[in-house]
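Peer 1: Let me begin by handing over the structure; questions about it come next.
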Amino acid sequence: MSSAVDAFSSKVFNYIRNEYGSATLKKVQLKKNNNVVSKVLESALRQEDTIDHAGNKVIAMLRLN
């Protein structure tokens with residue numbers, strides 16, 4: 001990933017930790033979810049989504065809510 005995606009990802013992960021808790025963040029960061037999470041974050045960055053919108057997209061795509 002590029003540095004822009006890394007910085008955006010870090011902010012999204014912080015949002016998920018604060019909003020949903022550390023347990024949910026661990027589920028998001030599981031190796032089996034890497035592909036989906038990467039695609040969602042790259043798409044959100046291209047679409048200039050807000051941090052909270054991107055975080056909620058990740059949770060929804062992984063069906064963790």
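Following the order of the structure tokens, first chain is A, next is B, and so on, with residues numbered from 1 inside each chain and ligands from 1 in the order they appear.
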Could you pull the residues within 12 Å of A:Lys39, counting only C-alpha atoms, minus those fewer than 6 positions along the same chain, as number ranges by chain?

Peer 2: A: 1, 5, 9, 33, 45-46, 54, 57-58, 61-62

Peer 1: Quick one: residues within 10 Å of stretch 20-25 of chain A, only C-alpha atoms, excluding same-chain residues fewer than 2 positions away - as number ranges by chain?

Peer 2: A: 13-18, 27-30, 55-56, 59, 64-65

Peer 1: How about saving the chosen residues, C-alpha atoms kept, as a tab-separated table (two decimals), in the first residue's frame?

Peer 2:
```
chain	number	residue	atom	x	y	z
A	13	PHE	CA	-8.53	1.65	12.34
A	14	ASN	CA	-8.36	4.21	15.16
A	15	TYR	CA	-11.97	5.16	14.45
A	16	ILE	CA	-13.04	1.49	14.53
A	17	ARG	CA	-11.20	0.94	17.84
A	18	ASN	CA	-12.80	4.02	19.41
A	27	LYS	CA	-11.54	-9.10	13.80
A	28	VAL	CA	-11.09	-6.47	11.09
A	29	GLN	CA	-7.33	-6.99	11.08
A	30	LEU	CA	-7.46	-10.78	10.79
A	55	GLY	CA	-14.83	2.63	9.02
A	56	ASN	CA	-18.51	1.85	8.87
A	59	ILE	CA	-17.61	-3.12	9.37
A	64	LEU	CA	-19.40	-7.51	11.94
A	65	ASN	CA	-22.27	-5.33	13.11
```

Peer 1: Could you write out, as a list of chain:residue names, all the residues of stretch 34-65 of chain A that DSSP marks as helix (DSSP H, G or I)?

Peer 2: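 Matching residues, listed in order: A:Asn34, A:Asn35, A:Val36, A:Val37, A:Ser38, A:Lys39, A:Val40, A:Leu41, A:Glu42, A:Ser43, A:Ala44, A:Leu45, A:Arg46, A:Ile51, A:Asp52, A:His53, A:Ala54, A:Gly55, A:Asn56, A:Lys57, A:Val58, A:Ile59, A:Ala60, A:Met61.
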
Peer 1: For the residues selected in the previous step, produce a file with N, CA and C atoms as a PDB file, in the first residue's frame.

Peer 2:
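And here's out07.pdb as it stands now:
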```
ATOM      1  N   ASN A  34      -7.788  -9.372   5.147  1.00  0.00           N
ATOM      2  CA  ASN A  34      -6.880  -8.383   4.549  1.00  0.00           C
ATOM      3  C   ASN A  34      -7.310  -7.931   3.165  1.00  0.00           C
ATOM      4  N   ASN A  35      -7.697  -8.862   2.312  1.00  0.00           N
ATOM      5  CA  ASN A  35      -8.045  -8.524   0.936  1.00  0.00           C
ATOM      6  C   ASN A  35      -9.261  -7.605   0.879  1.00  0.00           C
ATOM      7  N   VAL A  36     -10.303  -7.962   1.607  1.00  0.00           N
ATOM      8  CA  VAL A  36     -11.538  -7.163   1.614  1.00  0.00           C
ATOM      9  C   VAL A  36     -11.270  -5.784   2.208  1.00  0.00           C
ATOM     10  N   VAL A  37     -10.582  -5.746   3.339  1.00  0.00           N
ATOM     11  CA  VAL A  37     -10.302  -4.476   4.011  1.00  0.00           C
ATOM     12  C   VAL A  37      -9.471  -3.570   3.108  1.00  0.00           C
ATOM     13  N   SER A  38      -8.461  -4.116   2.461  1.00  0.00           N
ATOM     14  CA  SER A  38      -7.616  -3.311   1.565  1.00  0.00           C
ATOM     15  C   SER A  38      -8.424  -2.707   0.427  1.00  0.00           C
ATOM     16  N   LYS A  39      -9.275  -3.518  -0.180  1.00  0.00           N
ATOM     17  CA  LYS A  39     -10.098  -3.032  -1.294  1.00  0.00           C
ATOM     18  C   LYS A  39     -11.066  -1.941  -0.843  1.00  0.00           C
ATOM     19  N   VAL A  40     -11.690  -2.145   0.305  1.00  0.00           N
ATOM     20  CA  VAL A  40     -12.646  -1.155   0.818  1.00  0.00           C
ATOM     21  C   VAL A  40     -11.926   0.153   1.141  1.00  0.00           C
ATOM     22  N   LEU A  41     -10.764   0.072   1.784  1.00  0.00           N
ATOM     23  CA  LEU A  41     -10.032   1.286   2.148  1.00  0.00           C
ATOM     24  C   LEU A  41      -9.511   2.030   0.923  1.00  0.00           C
ATOM     25  N   GLU A  42      -9.008   1.302  -0.057  1.00  0.00           N
ATOM     26  CA  GLU A  42      -8.531   1.954  -1.288  1.00  0.00           C
ATOM     27  C   GLU A  42      -9.689   2.632  -2.016  1.00  0.00           C
ATOM     28  N   SER A  43     -10.824   1.962  -2.084  1.00  0.00           N
ATOM     29  CA  SER A  43     -12.004   2.538  -2.715  1.00  0.00           C
ATOM     30  C   SER A  43     -12.483   3.777  -1.960  1.00  0.00           C
ATOM     31  N   ALA A  44     -12.516   3.690  -0.645  1.00  0.00           N
ATOM     32  CA  ALA A  44     -12.957   4.826   0.177  1.00  0.00           C
ATOM     33  C   ALA A  44     -12.027   6.018  -0.001  1.00  0.00           C
ATOM     34  N   LEU A  45     -10.741   5.760  -0.109  1.00  0.00           N
ATOM     35  CA  LEU A  45      -9.781   6.844  -0.309  1.00  0.00           C
ATOM     36  C   LEU A  45      -9.979   7.497  -1.671  1.00  0.00           C
ATOM     37  N   ARG A  46     -10.182   6.681  -2.702  1.00  0.00           N
ATOM     38  CA  ARG A  46     -10.429   7.218  -4.051  1.00  0.00           C
ATOM     39  C   ARG A  46     -11.700   8.063  -4.086  1.00  0.00           C
ATOM     40  N   ILE A  51     -13.487   9.485   7.358  1.00  0.00           N
ATOM     41  CA  ILE A  51     -12.933   8.396   8.163  1.00  0.00           C
ATOM     42  C   ILE A  51     -14.061   7.531   8.748  1.00  0.00           C
ATOM     43  N   ASP A  52     -15.079   8.166   9.301  1.00  0.00           N
ATOM     44  CA  ASP A  52     -16.166   7.398   9.901  1.00  0.00           C
ATOM     45  C   ASP A  52     -16.954   6.608   8.867  1.00  0.00           C
ATOM     46  N   HIS A  53     -17.148   7.179   7.700  1.00  0.00           N
ATOM     47  CA  HIS A  53     -17.875   6.467   6.648  1.00  0.00           C
ATOM     48  C   HIS A  53     -17.078   5.257   6.181  1.00  0.00           C
ATOM     49  N   ALA A  54     -15.777   5.424   6.018  1.00  0.00           N
ATOM     50  CA  ALA A  54     -14.913   4.313   5.603  1.00  0.00           C
ATOM     51  C   ALA A  54     -14.898   3.221   6.668  1.00  0.00           C
ATOM     52  N   GLY A  55     -14.817   3.612   7.932  1.00  0.00           N
ATOM     53  CA  GLY A  55     -14.829   2.633   9.016  1.00  0.00           C
ATOM     54  C   GLY A  55     -16.114   1.842   9.057  1.00  0.00           C
ATOM     55  N   ASN A  56     -17.223   2.527   8.882  1.00  0.00           N
ATOM     56  CA  ASN A  56     -18.513   1.850   8.871  1.00  0.00           C
ATOM     57  C   ASN A  56     -18.667   0.940   7.652  1.00  0.00           C
ATOM     58  N   LYS A  57     -18.080   1.329   6.521  1.00  0.00           N
ATOM     59  CA  LYS A  57     -18.090   0.486   5.324  1.00  0.00           C
ATOM     60  C   LYS A  57     -17.349  -0.820   5.584  1.00  0.00           C
ATOM     61  N   VAL A  58     -16.191  -0.715   6.228  1.00  0.00           N
ATOM     62  CA  VAL A  58     -15.395  -1.905   6.534  1.00  0.00           C
ATOM     63  C   VAL A  58     -16.204  -2.846   7.422  1.00  0.00           C
ATOM     64  N   ILE A  59     -16.799  -2.309   8.465  1.00  0.00           N
ATOM     65  CA  ILE A  59     -17.607  -3.124   9.374  1.00  0.00           C
ATOM     66  C   ILE A  59     -18.769  -3.785   8.628  1.00  0.00           C
ATOM     67  N   ALA A  60     -19.422  -3.037   7.777  1.00  0.00           N
ATOM     68  CA  ALA A  60     -20.558  -3.571   7.021  1.00  0.00           C
ATOM     69  C   ALA A  60     -20.111  -4.650   6.033  1.00  0.00           C
ATOM     70  N   MET A  61     -19.017  -4.422   5.336  1.00  0.00           N
ATOM     71  CA  MET A  61     -18.541  -5.395   4.352  1.00  0.00           C
ATOM     72  C   MET A  61     -18.127  -6.709   5.004  1.00  0.00           C
TER      73      MET A  61
END
```
